[in-house]
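Dropping structure-v8.txt in here (compact mmCIF, C-alpha atoms):
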# COMPACT_ATOMS: atom_id res chain seq x y z
CA MET A 1 12.07 12.49 -13.72
CA PHE A 2 13.14 10.70 -16.85
CA ALA A 3 13.20 13.53 -19.36
CA SER A 4 13.02 17.28 -19.75
CA ARG A 5 9.66 18.93 -19.49
CA ASP A 6 9.43 19.68 -23.21
CA VAL A 7 9.73 16.02 -24.15
CA THR A 8 6.74 14.50 -25.90
CA ARG A 9 4.78 12.61 -23.29
CA ARG A 10 3.42 9.15 -23.83
CA LEU A 11 -0.27 9.58 -23.10
CA CYS A 12 -3.28 7.37 -23.56
CA ARG A 13 -6.01 9.58 -25.02
CA THR A 14 -9.70 8.77 -24.94
CA GLN A 15 -12.63 10.80 -26.17
CA TYR A 16 -13.03 12.34 -22.74
CA ARG A 17 -9.76 12.21 -20.80
CA VAL A 18 -6.00 12.19 -21.08
CA TYR A 19 -4.27 9.57 -18.96
CA VAL A 20 -0.71 9.94 -17.77
CA ARG A 21 1.47 6.97 -16.88
CA LEU A 22 3.16 7.29 -13.50
CA GLY A 23 5.52 5.07 -11.56
CA VAL A 24 5.80 4.86 -7.78
CA LEU A 25 8.99 3.34 -6.39
CA ASP A 26 8.54 2.32 -2.75
CA VAL A 27 11.66 1.37 -0.79
CA GLY A 28 10.36 -0.25 2.37
CA SER A 29 11.85 -2.17 5.27
CA ASN A 30 11.32 -5.54 3.56
CA THR A 31 10.71 -4.95 -0.13
CA VAL A 32 11.22 -2.57 -2.99
CA HIS A 33 8.01 -2.20 -4.98
CA LEU A 34 7.42 -0.47 -8.31
CA LEU A 35 3.79 0.28 -9.15
CA VAL A 36 2.99 1.62 -12.64
CA VAL A 37 -0.44 3.18 -13.19
CA ASP A 38 -2.38 5.06 -15.83
CA ALA A 39 -4.21 7.90 -14.16
CA HIS A 40 -5.95 11.22 -14.61
CA ARG A 41 -6.98 13.87 -12.16
CA GLY A 42 -10.28 13.04 -10.48
CA GLY A 43 -10.24 9.45 -11.70
CA HIS A 44 -9.43 5.97 -10.49
CA PRO A 45 -5.73 5.09 -11.03
CA MET A 46 -5.53 1.96 -13.17
CA PRO A 47 -2.67 -0.40 -12.22
CA MET A 48 -0.67 -1.47 -15.26
CA SER A 49 2.15 -3.43 -13.65
CA SER A 50 3.64 -4.26 -10.28
CA THR A 51 7.23 -5.38 -9.68
CA LYS A 52 8.70 -6.39 -6.32
CA ALA A 53 12.04 -7.42 -4.93
CA THR A 54 12.76 -8.60 -1.39
CA LEU A 55 15.76 -6.76 0.07
CA ARG A 56 15.07 -6.84 3.82
CA LEU A 57 16.94 -3.59 4.31
CA ALA A 58 16.02 -3.50 7.99
CA GLU A 59 17.94 -6.74 8.46
CA ASN A 60 20.99 -5.42 6.61
CA MET A 61 22.09 -3.14 9.44
CA ASP A 62 25.34 -3.21 11.39
CA ASP A 63 25.68 -2.78 15.16
CA ASP A 64 25.63 1.00 14.77
CA GLY A 65 22.28 0.96 12.96
CA CYS A 66 23.81 1.72 9.57
CA ILE A 67 22.91 0.01 6.30
CA THR A 68 25.70 -2.42 5.48
CA PRO A 69 27.78 -2.09 2.29
CA GLU A 70 26.08 -5.21 0.94
CA GLY A 71 22.65 -3.80 1.75
CA ALA A 72 23.50 -0.50 0.07
CA HIS A 73 24.83 -2.31 -3.01
CA ARG A 74 21.67 -4.38 -3.34
CA LEU A 75 19.51 -1.28 -2.89
CA ILE A 76 21.38 0.64 -5.59
CA LYS A 77 21.22 -2.29 -7.99
CA THR A 78 17.47 -2.74 -7.43
CA VAL A 79 16.65 0.97 -7.73
CA ALA A 80 18.58 1.17 -11.02
CA GLU A 81 16.79 -1.92 -12.36
CA PHE A 82 13.34 -0.70 -11.35
CA ALA A 83 13.95 2.81 -12.71
CA SER A 84 14.83 1.20 -16.03
CA ILE A 85 11.61 -0.84 -15.93
CA ALA A 86 9.60 2.31 -15.24
CA LYS A 87 11.22 4.09 -18.17
CA THR A 88 10.64 1.25 -20.63
CA SER A 89 7.06 0.98 -19.33
CA GLY A 90 6.43 4.51 -20.59
CA CYS A 91 6.26 6.33 -17.26
CA VAL A 92 6.49 10.08 -17.74
CA GLN A 93 7.43 10.50 -14.11
CA LEU A 94 8.82 8.31 -11.36
CA MET A 95 7.99 9.11 -7.74
CA PRO A 96 10.63 7.34 -5.62
CA PHE A 97 10.43 7.31 -1.84
CA ALA A 98 11.78 5.45 1.17
CA THR A 99 10.25 4.72 4.56
CA SER A 100 11.40 3.59 8.00
CA ALA A 101 14.46 1.46 7.18
CA VAL A 102 16.22 4.23 5.28
CA ARG A 103 14.73 6.94 7.50
CA GLU A 104 16.23 5.44 10.66
CA ALA A 105 19.58 4.30 9.27
CA GLY A 106 22.57 6.08 10.77
CA ASN A 107 24.12 6.45 7.31
CA SER A 108 20.92 7.30 5.43
CA ASP A 109 22.29 10.55 3.95
CA GLU A 110 25.34 8.70 2.61
CA VAL A 111 23.25 5.89 1.13
CA LEU A 112 20.78 8.32 -0.44
CA ALA A 113 23.66 10.24 -2.01
CA ARG A 114 25.09 7.02 -3.46
CA VAL A 115 21.69 6.06 -4.88
CA ARG A 116 21.36 9.47 -6.51
CA ARG A 117 24.92 9.44 -7.85
CA GLU A 118 24.90 5.89 -9.20
CA THR A 119 21.32 5.60 -10.47
CA GLY A 120 20.15 9.16 -11.09
CA VAL A 121 17.17 8.48 -8.82
CA GLU A 122 16.62 10.82 -5.88
CA LEU A 123 14.91 8.86 -3.15
CA ARG A 124 12.87 11.14 -0.90
CA VAL A 125 12.42 10.05 2.68
CA LEU A 126 8.88 10.01 4.01
CA SER A 127 8.36 10.69 7.68
CA GLY A 128 6.07 8.34 9.55
CA ALA A 129 3.49 11.13 9.71
CA ASP A 130 3.70 11.56 5.93
CA GLU A 131 3.00 7.85 5.55
CA ALA A 132 -0.05 8.04 7.80
CA ARG A 133 -1.42 11.12 6.07
CA LEU A 134 -1.00 9.87 2.50
CA THR A 135 -2.45 6.47 3.38
CA PHE A 136 -5.42 8.19 4.97
CA LEU A 137 -6.02 10.13 1.75
CA ALA A 138 -6.15 6.88 -0.21
CA VAL A 139 -8.61 5.36 2.27
CA ARG A 140 -10.85 8.44 2.16
CA ARG A 141 -10.96 8.39 -1.64
CA TRP A 142 -11.73 4.67 -1.64
CA PHE A 143 -14.65 4.80 0.81
CA GLY A 144 -15.88 8.32 0.01
CA TRP A 145 -17.35 11.08 2.11
CA SER A 146 -20.36 9.02 3.13
CA ALA A 147 -18.07 6.92 5.33
CA GLY A 148 -17.97 9.78 7.86
CA ARG A 149 -15.12 9.83 10.35
CA ILE A 150 -12.49 7.24 9.39
CA LEU A 151 -9.87 5.65 11.60
CA ASN A 152 -7.11 3.86 9.72
CA LEU A 153 -4.40 1.41 10.80
CA ASP A 154 -1.47 0.39 8.62
CA ILE A 155 1.20 -2.14 9.67
CA GLY A 156 4.51 -1.95 7.85
CA GLY A 157 7.77 -3.72 8.38
CA GLY A 158 9.23 -1.02 10.60
CA SER A 159 6.30 1.03 11.86
CA LEU A 160 2.61 1.19 12.63
CA GLU A 161 0.73 4.17 11.19
CA MET A 162 -2.55 5.31 12.74
CA SER A 163 -4.81 8.14 11.61
CA ASN A 164 -8.26 9.54 12.33
CA GLY A 165 -10.26 12.24 10.60
CA CYS A 166 -13.38 13.49 8.85
CA ASP A 167 -11.73 15.10 5.84
CA GLU A 168 -9.05 14.11 3.34
CA ALA A 169 -6.32 15.11 5.78
CA PRO A 170 -6.54 13.36 9.14
CA ASP A 171 -7.03 15.24 12.39
CA VAL A 172 -4.42 12.99 13.99
CA ALA A 173 -1.62 11.06 12.27
CA LEU A 174 0.66 8.87 14.37
CA SER A 175 3.63 6.68 13.55
CA LEU A 176 4.91 4.17 16.09
CA PRO A 177 7.98 1.88 15.89
CA LEU A 178 5.76 -1.20 16.02
CA GLY A 179 6.28 -2.75 12.60
CA ALA A 180 5.92 -6.48 12.06
CA GLY A 181 9.50 -6.98 10.92
CA ARG A 182 10.97 -4.91 13.74
CA LEU A 183 9.03 -6.80 16.42
CA THR A 184 9.91 -10.15 14.89
CA ARG A 185 13.62 -9.33 15.10
CA ASP A 186 13.39 -7.87 18.60
CA TRP A 187 10.93 -10.27 20.24
CA LEU A 188 10.21 -13.41 18.26
CA SER A 189 13.54 -14.79 17.13
CA GLU A 190 12.58 -18.42 17.86
CA ASP A 191 10.76 -20.44 15.23
CA PRO A 192 8.04 -21.07 16.21
CA PRO A 193 7.91 -18.35 18.86
CA GLY A 194 7.47 -19.57 22.42
CA LYS A 195 4.07 -19.22 24.06
CA ARG A 196 5.52 -17.22 26.93
CA ARG A 197 7.31 -14.86 24.56
CA VAL A 198 4.09 -14.22 22.64
CA GLY A 199 2.33 -13.44 25.91
CA VAL A 200 5.03 -11.02 27.02
CA LEU A 201 4.92 -9.22 23.66
CA ARG A 202 1.13 -8.97 23.94
CA ASP A 203 1.42 -7.27 27.33
CA TRP A 204 4.16 -4.94 26.11
CA LEU A 205 2.11 -3.88 23.08
CA ASP A 206 -0.90 -3.16 25.30
CA ALA A 207 1.23 -0.83 27.42
CA GLU A 208 2.80 0.87 24.39
CA LEU A 209 -0.57 1.64 22.81
CA VAL A 210 -2.37 3.19 25.80
CA ILE A 211 -1.30 6.79 25.17
CA PRO A 212 -1.37 6.66 21.33
CA ALA A 213 -4.90 5.22 21.45
CA LYS A 214 -6.07 8.15 23.57
CA GLN A 215 -4.42 10.62 21.20
CA LEU A 216 -5.93 8.96 18.17
CA LEU A 217 -9.47 8.94 19.56
CA GLU A 218 -9.36 12.46 20.96
CA PRO A 219 -11.09 14.01 17.89
CA GLY A 220 -13.91 11.44 18.14
CA ARG A 221 -14.89 7.82 17.68
CA PRO A 222 -14.84 6.64 14.06
CA ASP A 223 -17.84 5.84 11.93
CA LEU A 224 -15.61 3.44 9.98
CA ALA A 225 -12.47 1.62 11.12
CA VAL A 226 -10.14 0.51 8.33
CA GLY A 227 -7.01 -1.60 7.96
CA THR A 228 -4.55 -1.14 5.11
CA SER A 229 -1.27 -2.87 4.15
CA LYS A 230 -0.32 -6.36 3.06
CA THR A 231 -0.34 -7.53 6.68
CA PHE A 232 -4.00 -6.66 7.20
CA ARG A 233 -5.00 -8.11 3.84
CA THR A 234 -3.24 -11.37 4.68
CA LEU A 235 -4.80 -11.58 8.13
CA ALA A 236 -8.25 -10.96 6.67
CA ARG A 237 -7.73 -13.66 4.06
CA LEU A 238 -6.63 -16.18 6.70
CA THR A 239 -9.76 -15.46 8.72
CA GLY A 240 -12.10 -16.06 5.82
CA ALA A 241 -12.15 -12.93 3.66
CA ALA A 242 -12.50 -13.21 -0.11
CA PRO A 243 -9.36 -14.11 -2.06
CA SER A 244 -7.63 -11.60 -4.34
CA ALA A 245 -9.27 -13.32 -7.31
CA ALA A 246 -12.59 -11.85 -6.17
CA GLY A 247 -11.30 -8.41 -7.15
CA PRO A 248 -10.57 -5.24 -5.18
CA ARG A 249 -14.24 -4.30 -4.81
CA ALA A 250 -15.17 -7.40 -2.80
CA ARG A 251 -15.88 -6.43 0.81
CA ARG A 252 -13.28 -7.81 3.19
CA ILE A 253 -13.27 -7.52 6.97
CA LEU A 254 -11.11 -8.57 9.88
CA THR A 255 -12.78 -9.29 13.23
CA SER A 256 -11.11 -9.28 16.63
CA SER A 257 -12.50 -12.73 17.45
CA GLY A 258 -11.24 -14.20 14.18
CA LEU A 259 -7.85 -12.60 14.77
CA ARG A 260 -7.51 -14.12 18.24
CA GLN A 261 -8.28 -17.59 16.89
CA LEU A 262 -5.80 -17.09 14.06
CA ILE A 263 -3.00 -16.05 16.44
CA ALA A 264 -3.54 -19.17 18.55
CA PHE A 265 -3.13 -21.22 15.37
CA ILE A 266 -0.21 -19.55 13.57
CA SER A 267 1.87 -18.89 16.70
CA ARG A 268 2.37 -22.65 17.06
CA MET A 269 3.57 -23.04 13.46
CA THR A 270 7.03 -22.61 12.00
CA ALA A 271 7.61 -19.93 9.37
CA ALA A 272 7.90 -22.67 6.74
CA ASP A 273 4.51 -24.06 7.73
CA ARG A 274 2.92 -20.61 7.69
CA ALA A 275 4.27 -20.09 4.17
CA GLU A 276 2.10 -23.01 3.07
CA LEU A 277 -1.08 -21.16 4.07
CA GLU A 278 -3.12 -19.59 1.29
CA GLY A 279 -2.12 -16.00 0.65
CA VAL A 280 1.06 -16.13 2.76
CA SER A 281 4.36 -15.72 0.94
CA SER A 282 7.63 -17.09 2.26
CA ASP A 283 8.86 -13.52 2.57
CA ARG A 284 5.98 -12.58 4.87
CA SER A 285 5.60 -15.81 6.84
CA GLN A 286 8.37 -14.98 9.32
CA GLN A 287 6.75 -11.77 10.51
CA LEU A 288 3.11 -12.84 10.32
CA VAL A 289 2.76 -13.61 14.03
CA ALA A 290 4.18 -10.23 15.06
CA GLY A 291 1.94 -8.47 12.55
CA ALA A 292 -1.10 -10.28 13.90
CA LEU A 293 -0.18 -9.33 17.47
CA VAL A 294 0.15 -5.66 16.49
CA ALA A 295 -3.23 -5.78 14.74
CA GLU A 296 -4.83 -7.46 17.75
CA ALA A 297 -3.33 -5.01 20.26
CA SER A 298 -4.31 -2.00 18.15
CA MET A 299 -7.90 -3.16 17.84
CA ARG A 300 -8.04 -3.91 21.55
CA ALA A 301 -6.58 -0.52 22.53
CA LEU A 302 -9.10 1.26 20.29
CA SER A 303 -12.06 -0.99 21.25
CA LEU A 304 -12.59 -2.07 17.64
CA ASP A 305 -14.41 -5.31 16.89
CA THR A 306 -14.16 -5.08 13.10
CA LEU A 307 -11.90 -3.51 10.49
CA GLU A 308 -12.83 -2.96 6.86
CA ILE A 309 -9.91 -3.83 4.60
CA CYS A 310 -9.01 -1.19 2.01
CA PRO A 311 -6.99 -2.26 -1.06
CA TRP A 312 -5.48 1.22 -1.43
CA ALA A 313 -2.72 2.44 0.86
CA LEU A 314 0.43 4.57 0.78
CA ARG A 315 1.40 4.20 -2.88
CA GLU A 316 -2.11 5.04 -4.05
CA GLY A 317 -2.21 8.00 -1.69
CA LEU A 318 0.99 9.31 -3.22
CA ILE A 319 -0.47 8.98 -6.72
CA LEU A 320 -3.72 10.67 -5.74
CA ARG A 321 -1.90 13.58 -4.13
CA LYS A 322 0.19 13.96 -7.25
CA LEU A 323 -2.90 14.01 -9.44
CA ASP A 324 -4.38 16.73 -7.24
CA THR A 325 -1.45 18.97 -8.10
CA ASP A 326 0.22 20.20 -11.25
CA LEU A 327 2.03 17.26 -12.82
CA GLU A 328 4.78 19.68 -13.83
CA SER A 329 5.46 20.75 -10.24
CA GLU A 330 8.55 19.68 -8.32
CA PRO A 331 7.93 16.05 -7.23
CA GLY A 332 8.72 16.37 -3.56
CA ALA A 333 6.70 19.51 -2.86
CA ALA A 334 3.46 18.04 -4.17
CA ASN A 335 3.53 14.75 -2.36
CA GLY A 336 4.35 15.46 1.22
CA LEU A 337 7.93 14.42 0.38
CA ARG A 338 10.22 16.94 1.97
CA PRO A 339 13.96 17.08 2.54
CA ARG A 340 15.02 15.52 5.81
CA GLY A 341 14.53 17.82 8.78
CA VAL A 342 11.96 20.10 7.13
CA PRO A 343 8.67 19.96 9.07
CA GLY A 344 5.30 19.76 7.38
CA PRO A 345 1.98 21.25 8.50
CA THR A 346 0.94 20.92 12.13
CA GLU A 347 -1.13 17.87 11.41
CA THR A 348 1.03 15.18 12.93
CA VAL A 349 2.11 13.57 16.12
CA SER A 350 4.79 10.92 15.83
CA ARG A 351 7.21 8.86 17.87
Can you give me the file's structure in the form of structure tokens?
Amino acid sequence: MFASRDVTRRLCRTQYRVYVRLGVLDVGSNTVHLLVVDAHRGGHPMPMSSTKATLRLAENMDDDGCITPEGAHRLIKTVAEFASIAKTSGCVQLMPFATSAVREAGNSDEVLARVRRETGVELRVLSGADEARLTFLAVRRWFGWSAGRILNLDIGGGSLEMSNGCDEAPDVALSLPLGAGRLTRDWLSEDPPGKRRVGVLRDWLDAELVIPAKQLLEPGRPDLAVGTSKTFRTLARLTGAAPSAAGPRARRILTSSGLRQLIAFISRMTAADRAELEGVSSDRSQQLVAGALVAEASMRALSLDTLEICPWALREGLILRKLDTDLESEPGAANGLRPRGVPGPTETVSR
């Protein structure tokens, strides 16, 4: 999106392949994340840089559910800064998207227009079903066809995405308003959260997941159950999985028994104390208990004892989908990014 199509592209050429440098700008409920990769069709995207900023957009809402002027200003400033970083990093295309916080804001159209007008960046809004489908694609590519039927869970700040399928597109893709940040704000405002409040939230999550669990499992039980997102990676690390220094190929799992023990431990701690745990940032420590409760309830509803942790998720799925299409095509059409209100294929069920 940075230049006309006849501009000379900055490519890394090898004897066998031509790599293109792409940027993915992810505006989430908690953070804005720019991922820059070198990639080629049919290959493994190679991360070149990763830049994050904590905005907590979901917390910058007024009583009417609209993004506040301060929140919009910070978003515009961050998008402009990150677009500049992508350009100076040599990205030939930037794929900017927004998820639940912007999607659900009462003034989302107004904020999106301001972002476009003041930064030149057109943020496309992903539906929850888009998120689930693109994340599933990334998981399928990571584990391969030999994994059989895959069930994937992804916990974001505003929503929980669930998908199940045998192919690269899931048979079922669900999005539920059960994100870790949302539940922390709505249920666990005390620090540390009270034992009774944790118990009530557990019961409520069990009730909320009964019908979605049946829908998700209707096509069949999975051969492989997977967890994606920073929340699942953090929970796995806290229950004994290999640290990030071991590399992305190290096998990491999260067990239901380990998760229960972890919840009993972290639910008695303050957010400041949780931030001292290995692998837990201060930005994530506040919503860690809620994220763990969502993970536990999801595994319980689906009768899963173990989840494999996949390092790829939504951003990688977006890149892979882009590489599967003509790089010269219109950005939104190739990535499952559609204008608001335009339905996609009949693949999804969402709430």
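For the choices A:Leu183, A:Leu205, A:Ala275, A:Val200, the atom-to-atom distance to A:Glu59 is smallest for A:Leu183 when using only C-alpha atoms.
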Neighbour list for A:Gly291 as a PyMOL selection string, cut-off 8 Å, all atoms listed in the file, skip fewer than 4 positions in-chain
chain A and resi 155+179-181+231+287+295
From the options A:Thr51, A:Gln286, A:Ser256, A:Gln93, which residue's atoms come nearest to A:Arg300, counting all atoms listed in the file?
A:Ser256
Find the spatial neighbours of stretch 146-152 of chain A, counting only C-alpha atoms, within a cut-off of 6 Å - ignore same-chain residues fewer than 2 positions away - and output them as number ranges by chain.
A: 144, 162-166, 222-227
Would you place a box with edges along x, y and z of the file around all atoms of stretch 159-166 of chain A listed there, add 8 Å to each of its six sides, and report the centre and edge lengths in Å to one decimal, as AutoDock Vina command-line options?
--center_x -3.5 --center_y 7.3 --center_z 10.8 --size_x 35.7 --size_y 28.5 --size_z 19.9
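Going from atom CA of A:Leu216 to atom CA of A:Val172 covers 6.0 Å.
Counting all atoms listed in the file, the residue from A:Asp26, A:Glu131, A:Asp167, A:Asp206 that sits nearest to A:Ala98 is A:Asp26.
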So the first atom is atom CA of A:Leu134 and the second is atom CA of A:Arg185; what is the distance between them in Å, to one decimal place?
27.2 Å
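Between atom CA of A:Gly220 and atom CA of A:Ala129 there is a distance of 19.3 Å.
Of the residues under consideration (A:Thr184, A:His40, A:Glu208, A:Asp305), A:Asp305 shows the shortest atom-to-atom contact distance to A:Ser257 when counting only C-alpha atoms.
If you measure from each of A:Leu57, A:Ala207, A:Val18, A:Ala272 to A:Arg41 using only C-alpha atoms, the closest one turns out to be A:Val18.
Taking all atoms listed in the file into account, A:Asn60 lies nearest to A:Val102 out of the set A:Leu188, A:Val198, A:Val102, A:Val289.
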Extract, using all atoms listed in the file, all DNA, RNA and protein residues at most 10 Å from stretch 110-117 of chain A, discarding same-chain residues fewer than 4 positions from it, and format them as an mmCIF file with C-alpha atoms, in the coordinates of the input.
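The new file around_32.cif reads:
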data_model
loop_
_atom_site.group_PDB
_atom_site.id
_atom_site.type_symbol
_atom_site.label_atom_id
_atom_site.label_comp_id
_atom_site.auth_asym_id
_atom_site.auth_seq_id
_atom_site.Cartn_x
_atom_site.Cartn_y
_atom_site.Cartn_z
ATOM 1 C CA CYS A 66 23.810 1.720 9.570
ATOM 2 C CA ILE A 67 22.910 0.010 6.300
ATOM 3 C CA THR A 68 25.700 -2.420 5.480
ATOM 4 C CA PRO A 69 27.780 -2.090 2.290
ATOM 5 C CA GLY A 71 22.650 -3.800 1.750
ATOM 6 C CA ALA A 72 23.500 -0.500 0.070
ATOM 7 C CA HIS A 73 24.830 -2.310 -3.010
ATOM 8 C CA LEU A 75 19.510 -1.280 -2.890
ATOM 9 C CA ILE A 76 21.380 0.640 -5.590
ATOM 10 C CA LYS A 77 21.220 -2.290 -7.990
ATOM 11 C CA VAL A 79 16.650 0.970 -7.730
ATOM 12 C CA ALA A 80 18.580 1.170 -11.020
ATOM 13 C CA ALA A 98 11.780 5.450 1.170
ATOM 14 C CA VAL A 102 16.220 4.230 5.280
ATOM 15 C CA ALA A 105 19.580 4.300 9.270
ATOM 16 C CA GLY A 106 22.570 6.080 10.770
ATOM 17 C CA VAL A 121 17.170 8.480 -8.820
ATOM 18 C CA GLU A 122 16.620 10.820 -5.880
ATOM 19 C CA LEU A 123 14.910 8.860 -3.150
ATOM 20 C CA ARG A 124 12.870 11.140 -0.900
ATOM 21 C CA VAL A 125 12.420 10.050 2.680
#
Can you tell me, as a PyMOL selection string, what residues are no more than 7 Å from stretch 309-320 of chain A when counting only C-alpha atoms, ignoring any on the same chain fewer than 5 positions away?
chain A and resi 24+131+134-135+137-139+226-229+233+248+252-253+335
Distance query A:Pro177 at most 8 Å, all atoms listed in the file, self and fewer than 3 positions along chain excluded, as a ChimeraX atom specification:
/A:158-160,182,351
At most 12 Å from (4.5, -20.0, 6.8), file frame, only C-alpha atoms: which residues, as a compact mmCIF listing (two decimals) with C-alpha atoms, in the coordinates of the input?
# COMPACT_ATOMS: atom_id res chain seq x y z
CA ASP A 191 10.76 -20.44 15.23
CA PRO A 192 8.04 -21.07 16.21
CA THR A 234 -3.24 -11.37 4.68
CA LEU A 238 -6.63 -16.18 6.70
CA PHE A 265 -3.13 -21.22 15.37
CA ILE A 266 -0.21 -19.55 13.57
CA SER A 267 1.87 -18.89 16.70
CA ARG A 268 2.37 -22.65 17.06
CA MET A 269 3.57 -23.04 13.46
CA THR A 270 7.03 -22.61 12.00
CA ALA A 271 7.61 -19.93 9.37
CA ALA A 272 7.90 -22.67 6.74
CA ASP A 273 4.51 -24.06 7.73
CA ARG A 274 2.92 -20.61 7.69
CA ALA A 275 4.27 -20.09 4.17
CA GLU A 276 2.10 -23.01 3.07
CA LEU A 277 -1.08 -21.16 4.07
CA GLU A 278 -3.12 -19.59 1.29
CA GLY A 279 -2.12 -16.00 0.65
CA VAL A 280 1.06 -16.13 2.76
CA SER A 281 4.36 -15.72 0.94
CA SER A 282 7.63 -17.09 2.26
CA ASP A 283 8.86 -13.52 2.57
CA ARG A 284 5.98 -12.58 4.87
CA SER A 285 5.60 -15.81 6.84
CA GLN A 286 8.37 -14.98 9.32
CA GLN A 287 6.75 -11.77 10.51
CA LEU A 288 3.11 -12.84 10.32
CA VAL A 289 2.76 -13.61 14.03
